[in-house]
Amino acid sequence: MVGVPESHTGWTFITNHARVLAAIADNPNVRIRDIAAHCRLTERAVQRIISDLEQDGYLSHTREGRTNTYRIEADKVLRHPAEAGLSVASLLSLLVQDETDRVRKPVAR
């Protein structure tokens with residue numbers, strides 16, 4: 001993970017489930033501890049979110065020694081009726097940037 005973002009108060013556009021999924025998309029071998037720090041969540045909250053995503057078939061993992069390798073089901077359709085027909089891949093294409101883009105493009109304010 002690149003760096004830990006500053007904390008934020010108030011409402012946001014993105015859910016914690018989407019943030020966790022994006023962190024995993026950035027690095028399929030990411031540790032729960034690193035996801036928690038990046039998303040500003042507790043490790044327990046990240047574990048619950050991963051469990052939710054696995055239970056509904058959006059995510060799976062394999063254990064290799066002490067490392068989990070996650071696999072995102074990119075073709076799976078989003079759950080909410082307002083996003084009917086949109087896939088996980090569509091969502092992640094908006095949330096996950098190529099690392100070179102992240103370094104090059106300043107954030108507009």
# chains A, B, ... in the order shown; residues from 1 in each chain; ligands from 1
>>> residues_around(residues="Ser51 (chain A)", least_positions_apart="3", cutoff="12 Å", atoms="only C-alpha atoms", output="PyMOL selection string")
chain A and resi 17+20-21+32+44-48+54-61+70
>>> select_by_dssp(residues="region 24-95 of chain A", states="alpha helix (DSSP H)", output="PyMOL selection string")
chain A and resi 24-26+32-39+43-55+88-95
>>> select_by_dssp(residues="chain A", states="strand (DSSP E or B)", output="PyMOL selection string")
chain A and resi 59-64+67-72+77+87
>>> write_last_selection(atoms="N, CA, C and O atoms", output="PDB file, in the first residue's frame")
ATOM      1  N   LEU A  59     -15.730 -12.522  -3.713  1.00  0.00           N
ATOM      2  CA  LEU A  59     -14.325 -12.663  -3.361  1.00  0.00           C
ATOM      3  C   LEU A  59     -14.085 -14.082  -2.860  1.00  0.00           C
ATOM      4  O   LEU A  59     -14.961 -14.692  -2.255  1.00  0.00           O
ATOM      5  N   SER A  60     -12.905 -14.601  -3.126  1.00  0.00           N
ATOM      6  CA  SER A  60     -12.473 -15.869  -2.539  1.00  0.00           C
ATOM      7  C   SER A  60     -10.994 -15.731  -2.197  1.00  0.00           C
ATOM      8  O   SER A  60     -10.346 -14.773  -2.616  1.00  0.00           O
ATOM      9  N   HIS A  61     -10.497 -16.662  -1.418  1.00  0.00           N
ATOM     10  CA  HIS A  61      -9.071 -16.597  -1.093  1.00  0.00           C
ATOM     11  C   HIS A  61      -8.489 -18.001  -0.986  1.00  0.00           C
ATOM     12  O   HIS A  61      -9.206 -18.970  -0.741  1.00  0.00           O
ATOM     13  N   THR A  62      -7.187 -18.059  -1.196  1.00  0.00           N
ATOM     14  CA  THR A  62      -6.429 -19.279  -0.942  1.00  0.00           C
ATOM     15  C   THR A  62      -5.338 -18.919   0.040  1.00  0.00           C
ATOM     16  O   THR A  62      -4.827 -17.800   0.038  1.00  0.00           O
ATOM     17  N   ARG A  63      -5.031 -19.858   0.882  1.00  0.00           N
ATOM     18  CA  ARG A  63      -4.006 -19.653   1.905  1.00  0.00           C
ATOM     19  C   ARG A  63      -2.718 -20.295   1.432  1.00  0.00           C
ATOM     20  O   ARG A  63      -2.709 -21.465   1.053  1.00  0.00           O
ATOM     21  N   GLU A  64      -1.646 -19.531   1.433  1.00  0.00           N
ATOM     22  CA  GLU A  64      -0.317 -20.023   1.063  1.00  0.00           C
ATOM     23  C   GLU A  64       0.625 -19.694   2.214  1.00  0.00           C
ATOM     24  O   GLU A  64       1.090 -18.570   2.322  1.00  0.00           O
ATOM     25  N   THR A  67       0.173 -16.376   4.152  1.00  0.00           N
ATOM     26  CA  THR A  67      -0.336 -15.343   3.251  1.00  0.00           C
ATOM     27  C   THR A  67      -1.648 -15.765   2.602  1.00  0.00           C
ATOM     28  O   THR A  67      -1.780 -16.888   2.129  1.00  0.00           O
ATOM     29  N   ASN A  68      -2.595 -14.863   2.582  1.00  0.00           N
ATOM     30  CA  ASN A  68      -3.827 -15.055   1.825  1.00  0.00           C
ATOM     31  C   ASN A  68      -3.656 -14.414   0.454  1.00  0.00           C
ATOM     32  O   ASN A  68      -3.136 -13.304   0.344  1.00  0.00           O
ATOM     33  N   THR A  69      -4.106 -15.100  -0.577  1.00  0.00           N
ATOM     34  CA  THR A  69      -4.173 -14.528  -1.905  1.00  0.00           C
ATOM     35  C   THR A  69      -5.643 -14.464  -2.276  1.00  0.00           C
ATOM     36  O   THR A  69      -6.325 -15.488  -2.304  1.00  0.00           O
ATOM     37  N   TYR A  70      -6.121 -13.252  -2.521  1.00  0.00           N
ATOM     38  CA  TYR A  70      -7.529 -13.042  -2.792  1.00  0.00           C
ATOM     39  C   TYR A  70      -7.791 -13.054  -4.298  1.00  0.00           C
ATOM     40  O   TYR A  70      -6.953 -12.647  -5.091  1.00  0.00           O
ATOM     41  N   ARG A  71      -8.994 -13.496  -4.653  1.00  0.00           N
ATOM     42  CA  ARG A  71      -9.427 -13.507  -6.046  1.00  0.00           C
ATOM     43  C   ARG A  71     -10.791 -12.835  -6.101  1.00  0.00           C
ATOM     44  O   ARG A  71     -11.740 -13.271  -5.456  1.00  0.00           O
ATOM     45  N   ILE A  72     -10.878 -11.765  -6.878  1.00  0.00           N
ATOM     46  CA  ILE A  72     -12.124 -11.018  -7.040  1.00  0.00           C
ATOM     47  C   ILE A  72     -12.878 -11.575  -8.236  1.00  0.00           C
ATOM     48  O   ILE A  72     -12.297 -11.813  -9.291  1.00  0.00           O
ATOM     49  N   VAL A  77     -22.264  -9.317 -10.764  1.00  0.00           N
ATOM     50  CA  VAL A  77     -23.060  -8.090 -10.866  1.00  0.00           C
ATOM     51  C   VAL A  77     -23.250  -7.478  -9.480  1.00  0.00           C
ATOM     52  O   VAL A  77     -23.417  -8.191  -8.490  1.00  0.00           O
ATOM     53  N   SER A  87     -21.042  -4.581 -13.393  1.00  0.00           N
ATOM     54  CA  SER A  87     -20.201  -5.618 -12.791  1.00  0.00           C
ATOM     55  C   SER A  87     -19.230  -5.018 -11.780  1.00  0.00           C
ATOM     56  O   SER A  87     -19.004  -3.806 -11.744  1.00  0.00           O
TER      57      SER A  87
END
>>> residues_around(residues="Arg19 (chain A)", least_positions_apart="6", cutoff="9 Å", atoms="only C-alpha atoms", output="list in words")
Ile35, His38, Cys39 and Leu95 of chain A
>>> atom_distance(atom1="CA of Leu41 (chain A)", atom2="CA of Leu91 (chain A)")
20.6 Å
>>> atom_distance(atom1="CA of Gly10 (chain A)", atom2="CA of Ile49 (chain A)")
20.6 Å
>>> atom_distance(atom1="CA of Asp75 (chain A)", atom2="CA of Ala36 (chain A)")
25.4 Å
>>> closest_residue(among="A:Asn29, A:Trp11, A:Asp34, A:Asn16", to="Gly65 (chain A)", atoms="only C-alpha atoms")
A:Asn29
>>> decode(residues="region 35-55 of chain A", atoms="N, CA, C and O atoms", output="short mmCIF file (atom, residue, chain, number, x, y, z; two decimals), in the first residue's frame")
data_model
loop_
_atom_site.label_atom_id
_atom_site.label_comp_id
_atom_site.auth_asym_id
_atom_site.auth_seq_id
_atom_site.Cartn_x
_atom_site.Cartn_y
_atom_site.Cartn_z
N ILE A 35 -4.99 -3.34 4.89
CA ILE A 35 -6.29 -2.88 4.40
C ILE A 35 -6.93 -1.98 5.45
O ILE A 35 -7.46 -0.90 5.14
N ALA A 36 -6.89 -2.42 6.69
CA ALA A 36 -7.49 -1.66 7.79
C ALA A 36 -6.87 -0.27 7.89
O ALA A 36 -7.58 0.74 8.01
N ALA A 37 -5.56 -0.19 7.83
CA ALA A 37 -4.87 1.10 7.92
C ALA A 37 -5.24 1.99 6.73
O ALA A 37 -5.53 3.18 6.90
N HIS A 38 -5.25 1.42 5.54
CA HIS A 38 -5.54 2.20 4.33
C HIS A 38 -6.98 2.71 4.33
O HIS A 38 -7.24 3.85 3.96
N CYS A 39 -7.91 1.87 4.76
CA CYS A 39 -9.34 2.22 4.72
C CYS A 39 -9.81 2.90 5.99
O CYS A 39 -10.98 3.28 6.10
N ARG A 40 -8.92 3.04 6.97
CA ARG A 40 -9.26 3.64 8.27
C ARG A 40 -10.37 2.87 8.97
O ARG A 40 -11.35 3.42 9.44
N LEU A 41 -10.20 1.54 8.99
CA LEU A 41 -11.13 0.64 9.65
C LEU A 41 -10.37 -0.21 10.65
O LEU A 41 -9.14 -0.27 10.60
N THR A 42 -11.08 -0.87 11.53
CA THR A 42 -10.42 -1.82 12.42
C THR A 42 -10.17 -3.12 11.64
O THR A 42 -10.84 -3.39 10.63
N GLU A 43 -9.22 -3.90 12.12
CA GLU A 43 -8.96 -5.19 11.48
C GLU A 43 -10.19 -6.08 11.55
O GLU A 43 -10.50 -6.80 10.61
N ARG A 44 -10.91 -6.02 12.65
CA ARG A 44 -12.12 -6.82 12.81
C ARG A 44 -13.18 -6.42 11.78
O ARG A 44 -13.85 -7.28 11.20
N ALA A 45 -13.33 -5.12 11.53
CA ALA A 45 -14.29 -4.65 10.53
C ALA A 45 -13.90 -5.16 9.14
O ALA A 45 -14.76 -5.58 8.37
N VAL A 46 -12.61 -5.13 8.83
CA VAL A 46 -12.14 -5.63 7.54
C VAL A 46 -12.42 -7.13 7.43
O VAL A 46 -12.86 -7.61 6.38
N GLN A 47 -12.19 -7.87 8.50
CA GLN A 47 -12.48 -9.31 8.49
C GLN A 47 -13.96 -9.57 8.21
O GLN A 47 -14.31 -10.46 7.42
N ARG A 48 -14.84 -8.78 8.82
CA ARG A 48 -16.29 -8.93 8.58
C ARG A 48 -16.65 -8.61 7.14
O ARG A 48 -17.46 -9.30 6.52
N ILE A 49 -16.06 -7.55 6.60
CA ILE A 49 -16.34 -7.16 5.22
C ILE A 49 -15.85 -8.23 4.25
O ILE A 49 -16.57 -8.61 3.31
N ILE A 50 -14.66 -8.76 4.47
CA ILE A 50 -14.14 -9.83 3.62
C ILE A 50 -15.06 -11.05 3.71
O ILE A 50 -15.36 -11.67 2.69
N SER A 51 -15.52 -11.36 4.90
CA SER A 51 -16.45 -12.48 5.09
C SER A 51 -17.74 -12.24 4.30
O SER A 51 -18.25 -13.15 3.63
N ASP A 52 -18.29 -11.02 4.37
CA ASP A 52 -19.49 -10.68 3.60
C ASP A 52 -19.25 -10.88 2.11
O ASP A 52 -20.08 -11.48 1.41
N LEU A 53 -18.14 -10.37 1.62
CA LEU A 53 -17.82 -10.46 0.19
C LEU A 53 -17.63 -11.90 -0.25
O LEU A 53 -18.05 -12.29 -1.34
N GLU A 54 -17.00 -12.71 0.61
CA GLU A 54 -16.82 -14.13 0.28
C GLU A 54 -18.15 -14.88 0.32
O GLU A 54 -18.43 -15.69 -0.57
N GLN A 55 -18.95 -14.60 1.33
CA GLN A 55 -20.23 -15.29 1.48
C GLN A 55 -21.13 -15.06 0.27
O GLN A 55 -21.85 -15.96 -0.16
#
